[in-house]
Each structure stands twice: as C-alpha cells, then as structure tokens.
Protein chains: 2
Amino acid sequence: MSALSLRAVAIDTYHENVAYLHRDCPLYRSEGFQALSKVEIHQAEDGRPVIAVLNVVDDPALCAPGELGLSEQAFSQLALPAGTQVRVRHAQPPASLHGVHRKIAGERLEAADYLAIVRDLVDNRYSKIEMAAFLVACAETGMEREEVLALTRAMVETGERLDWGEPLVADKHCIGGIPGNRTTPLVTAMVAAHGMLMPKTSSRAITSPAGTADTMEVFTRVDLPPERLRRIVQAQRACLAWGGTARLAPADDILIAVERPLSLDSPGQMTASILSKKLAAGSTHLLIDIPVGPTAKVRTQAEALRLRKLFEYVGEHSGLHLEAVLSDGRQPIGRGIGPVLEARDLMQVLENDPRAPLDLREKSLHLAGRIIEFDPDVRGGHGYRLARDILDSGRALARFQAICEAQGRNPHPPAPGHLVEAVPSAVDGRVTAIDNLRIARIARLAGAPMDKGAGIDLLRKLGDSVRAGEPLYRIHAEFPADFGFAREAAVRDSGYRIE
Amino acid sequence: MSALSLRAVAIDTYHENVAYLHRDCPLYRSEGFQALSKVEIHQAEDGRPVIAVLNVVDDPALCAPGELGLSEQAFSQLALPAGTQVRVRHAQPPASLHGVHRKIAGERLEAADYLAIVRDLVDNRYSKIEMAAFLVACAETGMEREEVLALTRAMVETGERLDWGEPLVADKHCIGGIPGNRTTPLVTAMVAAHGMLMPKTSSRAITSPAGTADTMEVFTRVDLPPERLRRIVQAQRACLAWGGTARLAPADDILIAVERPLSLDSPGQMTASILSKKLAAGSTHLLIDIPVGPTAKVRTQAEALRLRKLFEYVGEHSGLHLEAVLSDGRQPIGRGIGPVLEARDLMQVLENDPRAPLDLREKSLHLAGRIIEFDPDVRGGHGYRLARDILDSGRALARFQAICEAQGRNPHPPAPGHLVEAVPSAVDGRVTAIDNLRIARIARLAGAPMDKGAGIDLLRKLGDSVRAGEPLYRIHAEFPADFGFAREAAVRDSGYRIE
C-alpha cells in the first residue's frame, strides 16, 4: 500500500463518493482493484478513512498514475490539501451490512443493528447499491413497528438536534402526493397568530411540482442562517423557511438520493424519515396529514389507518405528541399547481378574496384548528373556530406578511408563466376523477418547480360540469420546449375523467 | 431540449453509464437536472437512446458548458464521433421497473416481466441501484421455480447462443466456495479423452483466490477468438478457455457488477445465472457440483437438496439433461490455493505423481465418471472405472497437454511466490475444522489471483495430527505489502481449529 498524491476532481457525484485512479497506476495494478470496487483513503496514521467507489481513468490530465483523484464531496470530507500523500486500500463492506443481509434473509433487526447501519450511512460508508439493498430489504418484508422506532431513534441520534427552550413546539407534516396542497403557510400563520411556537421548515420539491419552500420563495427568502432563523422565530413565533441546510437526521438526506430514483416510499421508511426530522428539529407536538384517494400515496382507508397507527406508535415512544388526520386525497387541493400559481391561491385565502379556493381554505382551517387544540388552554372542538376568527380578521395575513418581511421579501416576485394554453374537455359531462399523478407530471413537464411561474391552473374540480371544448385547466410555462412537452402530455392523457 | 456537443471522458465506470454535464451548462440549469438523475442521450432523430446517470462537472477542461461528456462504455455504446450534436433529456425509469416494484410488494412475476427486465438490463437501461433493487427483491422473498425458469430463459434469449452441431455437448459446473477445488481441467481432459465433446469455458475469480481460467493461464492462453476456439474443440473434443468475451447471457455479466459488492448469491439468481450461461454455450448435458459444509456456500444437506431440485426443475424445462451431485465441502480440495499452486496439484494428479493430493484425484474421477455416463454407450456405474483407466494410463495427461498446445502454451509459466512463511499450530492436537472463507481470504490478501504465484499451500487437512509449532500451511506472496497483510490475517485467525 504505497502513497499517492491527493487531487480534487471537479465532479459532483452527489451523495456517493468516487475515487479516481489511473489505469496505469502501479497501485491499481498491484492491488488488483477493479472498477466499482470500494476503496478506503487514509492519511498515514490518521483518523477515520474516507470510503469511495473506484472509477478508472485513462487520461492523465484528469488523474495521472501516482495520483488519487477524489470527487468534490469526498475531497471535502477527507479535508486534506491537494498534493497530500494518501494511502488507498480495498475497503471492507461496512460491518453493519451484515444486518442488511439478515434483513434480506427475513430476520427482524434490533435497535443496535439500525444504529450501526445509520452510523455507517452518515459516515458515507455505504455505496449507493448498499443503500438500495437496505431500502428494498426494509420495504419488501416490511418493518415491525419496534424496528421503525429503532430506525427513527438512530436517525435522530446521528445528527444535530434543536432545542427551542419551550414546552410546546408545534409542527405539521403532510405525507405528500397531492398537487396544490399548500396548507402549510396558511396553517403556520394562523397558529403563530394564536401565539403558539411553530418554527416551520419545509423541503423543496423532489418529485412533485412544488414544495412549500419552493412556493414560499415566491414571497421571501427561505435559505437563512440558523441564528437569523432563531431570531425570526423569537419575534414572530414562526418562520417559513427551507430546512435543507441543517444537519438534522442527515441519514435521511443520504437515503433520499436512492429512494427518489427508485420511487421507494415504504411506510416504515416514510415514518422514520418524517419523525426523525421532526424530533431533530425540536418539535413536541405534530399533526400529520394523510390524504387518501385512488391516485394519492395512500389509496385505501385501511392502509391509511395502518399508517396512522404506525405514526402514533413511533411518536408516542419518542416523546412526541402526535395526531394523524386522514384527509380527502381524491384530487388536487386549490387551483394552482406550481410555485407562483400556488402562491396566488395562498394570498387569495389570506386576503379573504371571494375567488379564494374554498377547499384550500377549509382544509387549512381544519388543520390549524387541530394544532391550536394542542394548546392546553383551548377547549376540545374550539380550534376550528379560533382559526377561522384569526383568518377572517386578517390576523393570519398580517402574521404571514410579518414573517415574509423578517425573512427578507423577494424584491422580484415572479409572475405566472407567459406561455399559456387551455386544455379542453373532449366531451360534455361531469368531472368524475382527477389523476393527481398525471396532473403533477404535466405540471413538472411544464417546468415546475424550477421555473417558478410554470404549472397548471385548474378550472374544473370533481363534480363540476363541463361542455366539450370548455377548458379543464390551463398550462403555464416559461420555455417553449417545456411548454411543448406539457401540452403533448396533456393531449395524450389530460388526467381528467369526464362522464 | 437543445443540442450539446458530444465528448468522450476517459473514465471507466464499468457497467454503469455516466454522463457529465457542466454545472453552468444552460441545459442543466433549465431542465432542472440534479446529480444522479438519469438522462437519455439521443442523436437528433435516431435509434435508441443511451441511458446514463448524470454527474455534474465544475471544471470546463473536463466538460465545458455546451458539451456532454460520456464515460468510456457509454461513449462506445452511443457510437457517434466526438463533436456530434446530441440531445439530452430526463430518462424515465425503465418500464420494466414496474415489475421490480411488484416483486418488492411480494407479487410473483410472470415470464413476460422477467423478459422485459432482462431486456432493459442488457440495453443498459438499469442504473446500479435499480439492479440492486431487482436482486434484493428476488433474494428476499425468493423466487418460485417457475420464476427462476422464466429468468433463465430470458437471460438466454437476450444474448447469443452457440450451436456445436452435436447431440451431446457435456459440461460441468461447481457452485463454488471451496478453495483449491480445481477439478475442471482434470474432468475435461478425461471426458475429452473418452471422446465426448466438452468445450469448457470458465470464469476468472470474482471473490475467490482463483477461477479455472486463472489457473489454466499458468499453462496456456485462455483468451481466444471464437473461431480459433471452435477449431481447437473440433480437433481435441475440448478446450479449457476463458468464457468472458462471448455475448452469452450478457445480463448475467451486468448483474454480477452489483451481486459481487453486495455478496448476494440467492438460489434463484445463482441457478438462473449458471444455467443461462450453459444453455447459451450450447451445452446439452450438465453435471452440477454442490459442495456442502459449514463454511461452504451451502451449509446444510436440506438446503443442498432444495437447490438440487431447483437446478433439476429448471434444467428439465429448458431441455438440458442435468444432474446435480452433493459433495464434501467441509474443507479445501487439494493442497494449493491460488493459480500456480493449484496448477502444481493438477499436474501431480495428471502425472500420477505419488505426491498428488488424493482428494482432488478422487473427486475429479468421480465427477468425470458421472459425465462419462452421459454417454449412452456407457453402462450405469461404469463411468468411474473408465475415468480411472484414462487417468492412470496417461491419456488424460496427453489430452491436457494437447489442449494446452493448441490454445498456445504460456512461454513463461510463473513460479510460486518467492515470499514464503509457514503458519504454525499453536497447540498439539488434531485438525477438526478448516474455514474455507478464512483460507480464501488469506490467499486473496497474499495476492491471488492477480499475482499468479500467490496463495496458500496446505500441509494439514481435516483429521491430521499436528504438534504445536508445526506448520499448518505456507503463505506464498510476490509483494511484501500483500505478504504482510496475509501474515497478519493468519496470525489473527489461521482458519484452522485444532483440538
């Protein structure tokens, strides 16, 4: 194991470390490395090695014999200057992979197994295929609820944890899958206006046309340093920021790089992922929204009840006051789908505009009411009315504006995409089904969430009548190519059933 | 979707295509690509796209904005000159991944599902994590035997298939896991000397200290063009070559890139992998060797019988005359482990040298006898005696030498590694267990199979007496670093139990 000269290779390989060795490197030849084998990189006698997958280079300009190249993340993880002499050897699979094999063999794993797996994940000791093996192994025969609890705890323990110094820190989370379902800013504004603490951080869209962070960015800055966020929360009792920079439950961010392309979303992983983030963020009271519908993530009432019980079990044993509500997931919520169009819906609700989508208003009031009832001073059943008073009186709007000001208002709020086309009904009839997945797909093809103004504006919802030629929805886009893709997709299948 | 200029990036990413886009590439920004998303690369209106995983580049010397870089295999798969204008877009997951999700959900897949999956695999439409998902999904709840048959057929259909134009084409295969178990060259020489056709191609070691191809390379060239191989087989009735260059059951070679690092070896995948290769190679009669022992791949008699029945079922329904024998897998076979040391054992058996390891001789005679009984003119129970006559008379040696001559004798046969250390017993006693996995690991650490002379030479086998300080085996190595690793590993755990 002789030394190589360290070199940064300006390639972003995301959450997988890659090491580059020249094919003629004497080390490569003598050690019998093969492409895609895993290697450990050490400095002479120092600390923990960095683990990377090996790629073989045939161009000395990229990485010469005698050099070891590292992809950007791996280089920064090793944290040594270029030119440092480092040592490379075959990496053993992470010890915790034994647990993954036992899971594949159908065994139930113990808390210590999950902790070992999550530690190795956070240390970047797992390759992508090892992560995939873990996720599929857990998805296939499923996880017992004790296993989900163990995984949740392990994910919390291996990251940082916030403490807000208050006995009641409220949070809400929707398991996702329903386009336009942008209740979070409304609920947060109402709950904060009631005086409860709700330091809300949200994600950007991964597979959907918009996440709350994407939509909030239409109004305000969402990427804020932790200290500034803390001051905003102290002053406003809430924030509406992006949660991506914190090192909260980092294993979750690592696994998502594999869950997403595999479209894996098993109940156990979903529960551990959501609850570990909330626990790490210091939440004490959490409301979970589980939409149910034929094209929602959860398709049947029975499935939804099982999932709710799993959330409740893990919440209870993690010291989290958790309630899960089942909601109507048969169609998108509101009219707009995509950041700008959803932002417009939000403002209409906050401003008590008569055009405001009623379903978005009602759902937000309902959720806010449930969270307000977490307040020990609020009588059971009074939350909804309190929320409605807050909204109708304009106090929710005022609080929302104050939060946006504090975070830093967007000086150039984007407009809806200027390329617009209405998608008409082919027949006379009544809308009997709207496919959430199809609508989301068309909105993404149109450019959402990257192009803020892109998306879909729904003109008909379930039960509405429509005549042949009348529009079902409008597609908005900013770029002609995306516009074309979205229109073609809508022609192939509009996502609406008219009967 | 605007055009980019194609560029080869001299990085070998093995069986995973990688595409490189500069972070400032306008396309990257407008399409919302993220690192590790999959893209399709097309030439304007042409044929099938190449699918690749995306890496993001921050160095324009590697890949400039406006360029699309492709890793070596991806570039050659696209088969267009550098500078060609190509188009890139988000790749949809392969349609067959739906079947993988159904398998994860516990469903049984149909023949059409397996064919679709294998077609997409062969077209390089699966990323590594998708392959891992498929393999784990099949390993976890297992495959019904009809599913294994369907997978086997799909793997044969999606590659080339040899036809030897004879009614009886004999083959043998060992499922592996036993160091030193180099019966194939002996069996092949005996069977060919009997006059039967046995065009034997073998693999190189993947996780073991030597494969038959590695050991044969000590004697002769093994990497031969198909036409030359065919002439050798016509003349000698056999060959002993490397099978790696043929496009036989190519899906198997693709999956192995993920099976190996995951150490996945489920009965279903193993059966499909072995039988698809044999069917594609044109074999009609196959003998399978299943060693059973506490540190073998198959640990119990019950497990071995299940595997044998699976082989028999798939063989019978694929038109393959198949017999599977259970053999003693409690310890390594022969004395030498590693290419040169195994080659020495082989020659001792062929030359009827009194030092020849008896277990290697007996096992080879037994297997050769079973294959010779595939000959309709040989009476049941007469095979062993015929094999012994062939070996004792020197006809096996003569045939082996003729095959080596025809393939092209190695002008510089390597010698055992010159760095040698004996590993002593710590106590007086009798050898009660030898750990195949540990012995294989130490032999690999010593440098086998890359360093032909490296490996282990066993001096004691099960049941032998030994006194404290007397050697159990010798480690051979060619390089000091490997020598050190192997010796350290042997000190930590020699792999022997002495009682």
# chains A, B, ... in the order shown; residues from 1 in each chain; ligands from 1
>>> closest_atom_pairs(of="region 167-254 of chain A", to="region 422-443 of chain A", cutoff="8 Å", atoms="only C-alpha atoms", output="tab-separated table")
residue	atom	partner	partner_atom	distance
A:Gly177	CA	A:Asn436	CA	7.3
A:Ile178	CA	A:Asn436	CA	6.1
A:Pro179	CA	A:Ala440	CA	6.0
A:Ser208	CA	A:Ala440	CA	6.2
A:Pro209	CA	A:Ala440	CA	5.9
>>> closest_atom_pairs(of="chain B", to="chain A", cutoff="8 Å", atoms="only C-alpha atoms", output="tab-separated table")
residue	atom	partner	partner_atom	distance
B:Met1	CA	A:Ala481	CA	6.4
B:Ala10	CA	A:Asp58	CA	5.0
B:Ile11	CA	A:Val57	CA	4.4
B:Asp12	CA	A:Val56	CA	4.9
B:Thr13	CA	A:Asn55	CA	5.4
B:Tyr14	CA	A:Ala35	CA	5.8
B:Ser30	CA	A:Met450	CA	7.5
B:Glu31	CA	A:Gly447	CA	7.6
B:Gly32	CA	A:Met450	CA	6.1
B:Ala35	CA	A:Tyr14	CA	5.8
B:Leu36	CA	A:Tyr14	CA	6.7
B:Ser37	CA	A:Pro261	CA	7.2
B:Asn55	CA	A:Thr13	CA	5.4
B:Val56	CA	A:Asp12	CA	4.9
B:Val57	CA	A:Ile11	CA	4.4
B:Asp58	CA	A:Ala10	CA	5.0
B:Asp59	CA	A:Ala10	CA	5.5
B:Leu62	CA	A:Leu62	CA	7.5
B:Pro93	CA	A:Pro261	CA	7.8
B:Ile104	CA	A:Glu140	CA	4.8
B:Ala105	CA	A:Glu140	CA	5.9
B:Gly106	CA	A:Glu140	CA	6.7
B:Lys128	CA	A:Ile129	CA	6.3
B:Ile129	CA	A:Ile129	CA	4.9
B:Glu130	CA	A:Leu262	CA	6.6
B:Ala132	CA	A:Ile129	CA	5.6
B:Ala133	CA	A:Val136	CA	6.0
B:Val136	CA	A:Ala133	CA	6.0
B:Ala137	CA	A:Val136	CA	6.6
B:Ala139	CA	A:Ile104	CA	6.9
B:Glu140	CA	A:Ile104	CA	4.8
B:Thr141	CA	A:Thr141	CA	7.5
B:Ala257	CA	A:Leu36	CA	7.8
B:Val258	CA	A:Ile129	CA	7.2
B:Pro261	CA	A:Ser37	CA	7.2
B:Leu262	CA	A:Glu130	CA	6.6
B:Gly447	CA	A:Glu31	CA	7.6
B:Met450	CA	A:Gly32	CA	6.1
B:Ala481	CA	A:Met1	CA	6.3
>>> residues_around(residues="Pro65 (chain A)", least_positions_apart="2", cutoff="6 Å", atoms="only C-alpha atoms", output="PyMOL selection string")
chain A and resi 22+24-25+67
>>> select_by_dssp(residues="region 243-419 of chain B", states="alpha helix (DSSP H)", output="PyMOL selection string")
chain B and resi 250-262+267-280+301-316+339-350+358-372+383-392+395-407
>>> closest_residue(among="A:Val191, A:Leu286, A:Ala251, A:Leu4", to="Leu391 (chain A)", atoms="only C-alpha atoms")
A:Val191
>>> residues_around(residues="Gly165 (chain B)", least_positions_apart="6", cutoff="12 Å", atoms="only C-alpha atoms", output="list in words")
Leu197, Arg230, Gln234, Gly282, Ser283 and Thr284 of chain B
>>> select_by_dssp(residues="region 239-331 of chain A", states="strand (DSSP E)", output="list in words")
Cys239, Leu240, Ala241, Trp242, His285, Leu286, Leu287, Ile288, Asp289, Ile290, Pro291, Val292, His321, Leu322, Glu323, Ala324, Val325, Leu326, Ser327 and Asp328 of chain A
